[in-house]
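Take a look at the structure below.
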Amino acid sequence: MLNLCGAKWEPRFVDFFAGETRTPEYRAINEMGEVPVLEHRGKRLSQSGVILDYLASFFKKFGWKNDDERREMPRWILWDNHKLTSYIATLRWMVTLAKVGEPQVHEFLRGRVKTSLGILNSHLEKSAFAAGDKPTISDISMCGYLYWPDEFGVSWTDYPRIGAWLDRIRALPGWVHPYELMPGHPLKR
């Protein structure tokens, strides 16, 4: 979102894999012990949906033009956080990063991922983007993990509308692959 808005910003490496987010020092930054955290103009915001909402308001980009869109965007962001990214992130963590977990758990998560991708793929039959005809914070919320489908075992040939949607997002001025935005990430390519 920051790149897409043309913001001048600086990432800070958080050594999630070594447990930095569980330290008292990091919990003083974010009591939830999660990333991302945005520090801007004396504000410290956590939770990606809140950060996206704040940035849309601040930059006047990727936001809403009326009350209906204002409600539709958090609907997709909440769905993403509960039904899409949460399952993808957990599956990806277990299979690709930590290499842990029981096969039955992996298959359960794969089933949830495929159901969610099916919902999104069907929705994108009706519109070019999640909340209508233009990209919004809903799309930005949902797309990040989807740029490495091989890490959670899907092919966009099975979900062609998602693949096309990701191409539309990739074509936006300022778009950068998620790994390029994460300094120190162990799988950076």
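Chain labels run A, B, ... following the order of the structure tokens; each chain numbers its residues from 1, and ligands are numbered from 1 in the order shown.
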
Between segment 83-175 of chain A and segment 46-70 of chain A, at 12 Å or less, what are the per-residue closest atom pairs and their distances in Å? Count only C-alpha atoms, order by chain and rising residue number, and return it as CSV.
```
residue,atom,partner,partner_atom,distance
A:Thr85,CA,A:Ser48,CA,11.4
A:Phe129,CA,A:Phe62,CA,11.2
A:Ala130,CA,A:Glu69,CA,10.4
A:Ala131,CA,A:Glu69,CA,6.7
A:Gly132,CA,A:Glu69,CA,8.0
A:Asp133,CA,A:Glu69,CA,10.8
A:Lys134,CA,A:Phe62,CA,8.0
A:Pro135,CA,A:Phe62,CA,6.0
A:Thr136,CA,A:Phe62,CA,4.0
A:Ile137,CA,A:Phe62,CA,5.5
A:Ser138,CA,A:Gly49,CA,8.5
A:Asp139,CA,A:Phe62,CA,9.0
A:Ile140,CA,A:Leu52,CA,8.2
A:Ser141,CA,A:Gly49,CA,6.9
A:Met142,CA,A:Gly49,CA,10.1
A:Gly144,CA,A:Ser48,CA,11.2
A:Ile169,CA,A:Phe62,CA,11.7
A:Leu172,CA,A:Phe62,CA,11.3
```

Between atom CA of Lys99 of chain A and atom CA of Val14 of chain A, distance in Å (one decimal): 21.0 Å

Could you give me the residues within segment 12-42 of chain A that DSSP places in alpha helix (DSSP H), as a ChimeraX atom specification? /A:24-29

In terms of the shortest atom-to-atom distance over only C-alpha atoms, which of A:Ser127, A:Leu109, A:Pro103, A:His40 is closest to Ala7 of chain A? A:His40

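Distances here use only C-alpha atoms; by that measure, the residue among A:Leu97, A:Thr90, A:Gly118, A:Pro178 closest to Trp156 of chain A is A:Gly118.
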
Which one of A:Lys83, A:Met94, A:Val176, A:His123 sits closest to Gly111 of chain A if you count only C-alpha atoms?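 Result for the nearest residue to Gly111 of chain A: A:Lys83.
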
Using only C-alpha atoms, which of the listed residues (A:Ile88, A:Val95, A:Ala18, A:Ile162) sits closest to Ile119 of chain A?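 The shortest atom-to-atom distance to Ile119 of chain A comes from A:Ile162.
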
Return as a tab-separated table (two decimals) with C-alpha atoms, in the first residue's frame the full set of residues in segment 1-187 of chain A whose backbone-based DSSP assignment is strand (DSSP E or B).
```
chain	number	residue	atom	x	y	z
A	37	VAL	CA	3.06	-1.98	12.70
A	38	LEU	CA	2.88	1.45	11.10
A	39	GLU	CA	4.39	4.45	12.82
A	40	HIS	CA	3.32	7.72	11.24
A	43	LYS	CA	0.57	7.34	15.65
A	44	ARG	CA	1.38	3.68	16.05
A	45	LEU	CA	-1.08	1.39	14.31
A	46	SER	CA	-1.24	-2.38	14.18
A	129	PHE	CA	-11.69	-6.13	-8.14
A	132	GLY	CA	-16.03	-3.08	-7.51
```

Excluding Gly33 of chain A and its own-chain neighbours fewer than 3 positions away, which residues fall within 7 Å of it when counting only C-alpha atoms? Please give them as a ChimeraX atom specification. /A:21-22,26-27,30

Test item: residues at most 12 Å from Leu91 of chain A, only C-alpha atoms, excluding those fewer than 3 positions along its chain, as an MDAnalysis selection string: chainID A and resid 84:88 94:114 145 149:154

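Among the candidate residues A:Lys8, A:Arg75, A:Lys126, A:Arg92, the one lying nearest to Leu146 of chain A is A:Arg92, with distances computed using only C-alpha atoms.
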
What is the distance between atom CA of Glu31 of chain A and atom CA of Asn3 of chain A, in Å to one decimal?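 These two atoms are separated by 26.4 Å.
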